[in-house]
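*Asks:* My structure is below; once you've seen it, I'll send some questions.
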Amino acid sequence: MRCEMCTRRLGGREIAHGIRYGVSDPENDLFLPSKDSAYTVICQTCGESILRQIYSRLNKSTSTKYHL
């Protein structure tokens with residue numbers, strides 16, 4: 001399997017991130033992935049880079065409302 005961002009081949013017990021799309025359920029504070037959403041698989045390095053970008057854009061006053 002390869003990382004879908006950098007195309008590096010993922011090793012046997014290597015940590016990977018799986019991303020799906022869906023909707024949020026604010027009443028229950030849940031993320032509900034779409035049934036037709038396949039995982040986008042990325043390596044740990046690319047996953048950490050994406051998380052850094054997301055966290056750097058969050059407004060500090062609302063950051064407690066978001067769960068990744």
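As shown in the structure tokens, the chain order sets the letters A, B, ...; within each chain, residues go from 1, and ligands are also counted from 1 in the order they appear.
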Please return, as a list in words, all residues of chain A that DSSP assigns to strand (DSSP E or B) on the basis of the backbone.
*Replies:*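 Restricting chain A to strand (DSSP E or B) produces Arg2, Arg9, Ala16, His17, Gly18, Ile19, Gly22, Val23, Ser24, Asp25, Leu30, Phe31, Leu32, Pro33, Thr40, Val41, Ile42 and Cys43 of chain A.
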*Asks:* Take the residues from that selection and write them out as a PDB file, in the first residue's frame, keeping N, CA and C atoms.
*Replies:*
```pdb
ATOM      1  N   ARG A   2       0.451   2.273  -0.689  1.00  0.00           N
ATOM      2  CA  ARG A   2       1.215   3.517  -0.780  1.00  0.00           C
ATOM      3  C   ARG A   2       0.448   4.677  -0.162  1.00  0.00           C
ATOM      4  N   ARG A   9       5.823   3.885  -0.247  1.00  0.00           N
ATOM      5  CA  ARG A   9       5.268   2.577   0.126  1.00  0.00           C
ATOM      6  C   ARG A   9       5.284   2.440   1.644  1.00  0.00           C
ATOM      7  N   ALA A  16      -0.287   4.369   9.945  1.00  0.00           N
ATOM      8  CA  ALA A  16      -0.884   5.064   8.810  1.00  0.00           C
ATOM      9  C   ALA A  16      -2.132   5.791   9.301  1.00  0.00           C
ATOM     10  N   HIS A  17      -2.551   6.800   8.554  1.00  0.00           N
ATOM     11  CA  HIS A  17      -3.770   7.527   8.872  1.00  0.00           C
ATOM     12  C   HIS A  17      -4.796   7.192   7.792  1.00  0.00           C
ATOM     13  N   GLY A  18      -6.034   7.001   8.197  1.00  0.00           N
ATOM     14  CA  GLY A  18      -7.126   6.774   7.258  1.00  0.00           C
ATOM     15  C   GLY A  18      -8.123   7.909   7.378  1.00  0.00           C
ATOM     16  N   ILE A  19      -8.422   8.573   6.275  1.00  0.00           N
ATOM     17  CA  ILE A  19      -9.318   9.722   6.293  1.00  0.00           C
ATOM     18  C   ILE A  19     -10.585   9.362   5.516  1.00  0.00           C
ATOM     19  N   GLY A  22     -17.728  12.615   5.755  1.00  0.00           N
ATOM     20  CA  GLY A  22     -19.020  12.344   6.355  1.00  0.00           C
ATOM     21  C   GLY A  22     -19.619  13.634   6.887  1.00  0.00           C
ATOM     22  N   VAL A  23     -20.470  13.497   7.887  1.00  0.00           N
ATOM     23  CA  VAL A  23     -21.128  14.658   8.477  1.00  0.00           C
ATOM     24  C   VAL A  23     -20.966  14.629   9.984  1.00  0.00           C
ATOM     25  N   SER A  24     -21.179  15.781  10.596  1.00  0.00           N
ATOM     26  CA  SER A  24     -21.126  15.840  12.051  1.00  0.00           C
ATOM     27  C   SER A  24     -22.544  15.763  12.606  1.00  0.00           C
ATOM     28  N   ASP A  25     -22.657  15.202  13.787  1.00  0.00           N
ATOM     29  CA  ASP A  25     -23.911  15.125  14.524  1.00  0.00           C
ATOM     30  C   ASP A  25     -23.731  15.948  15.788  1.00  0.00           C
ATOM     31  N   LEU A  30     -20.756  13.671  17.550  1.00  0.00           N
ATOM     32  CA  LEU A  30     -20.159  12.548  16.824  1.00  0.00           C
ATOM     33  C   LEU A  30     -19.844  12.931  15.388  1.00  0.00           C
ATOM     34  N   PHE A  31     -18.917  12.198  14.792  1.00  0.00           N
ATOM     35  CA  PHE A  31     -18.653  12.262  13.357  1.00  0.00           C
ATOM     36  C   PHE A  31     -19.252  11.003  12.755  1.00  0.00           C
ATOM     37  N   LEU A  32     -20.077  11.161  11.729  1.00  0.00           N
ATOM     38  CA  LEU A  32     -20.718  10.031  11.080  1.00  0.00           C
ATOM     39  C   LEU A  32     -20.167   9.887   9.666  1.00  0.00           C
ATOM     40  N   PRO A  33     -19.255   8.914   9.459  1.00  0.00           N
ATOM     41  CA  PRO A  33     -18.684   8.747   8.119  1.00  0.00           C
ATOM     42  C   PRO A  33     -19.741   8.266   7.139  1.00  0.00           C
ATOM     43  N   THR A  40      -8.959   7.256   2.612  1.00  0.00           N
ATOM     44  CA  THR A  40      -7.777   7.779   1.955  1.00  0.00           C
ATOM     45  C   THR A  40      -6.638   7.481   2.920  1.00  0.00           C
ATOM     46  N   VAL A  41      -5.676   6.677   2.498  1.00  0.00           N
ATOM     47  CA  VAL A  41      -4.602   6.234   3.381  1.00  0.00           C
ATOM     48  C   VAL A  41      -3.365   7.077   3.152  1.00  0.00           C
ATOM     49  N   ILE A  42      -2.843   7.636   4.253  1.00  0.00           N
ATOM     50  CA  ILE A  42      -1.618   8.431   4.167  1.00  0.00           C
ATOM     51  C   ILE A  42      -0.649   7.979   5.258  1.00  0.00           C
ATOM     52  N   CYS A  43       0.625   8.195   5.018  1.00  0.00           N
ATOM     53  CA  CYS A  43       1.658   7.780   5.963  1.00  0.00           C
ATOM     54  C   CYS A  43       1.655   8.692   7.195  1.00  0.00           C
TER      55      CYS A  43
END
```
*Asks:* From a DSSP pass on the backbone, collect the residues of chain A flagged as alpha helix (DSSP H) and hand them back as a ChimeraX atom specification.
*Replies:* /A:44-57
*Asks:* Write the residues of the preceding selection, restricted to C-alpha atoms, as a tab-separated table (two decimals), in the first residue's frame.
*Replies:*
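Once written, selection-v7.tsv looks like this:
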```
chain	number	residue	atom	x	y	z
A	44	GLN	CA	2.41	9.05	9.46
A	45	THR	CA	4.60	11.90	8.20
A	46	CYS	CA	1.92	13.23	5.84
A	47	GLY	CA	-0.76	12.71	8.50
A	48	GLU	CA	1.18	14.73	11.04
A	49	SER	CA	1.71	17.48	8.47
A	50	ILE	CA	-2.03	17.68	7.77
A	51	LEU	CA	-2.85	17.77	11.48
A	52	ARG	CA	-0.34	20.61	12.03
A	53	GLN	CA	-2.00	22.57	9.21
A	54	ILE	CA	-5.48	21.98	10.65
A	55	TYR	CA	-4.52	22.93	14.20
A	56	SER	CA	-2.67	26.05	13.03
A	57	ARG	CA	-5.86	27.31	11.35
```
*Asks:* So how far away is atom CA of A:Gly11 from atom CA of A:Ser34, in Å?
*Replies:*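 Answer for the atom CA of A:Ser34 to atom CA of A:Gly11 separation: 27.9 Å.
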*Asks:* Select, from A:Glu14, A:Met1, A:Pro26, A:Tyr21, the residue with the minimum atom-to-atom distance to A:Tyr39, counting only C-alpha atoms.
*Replies:* A:Tyr21
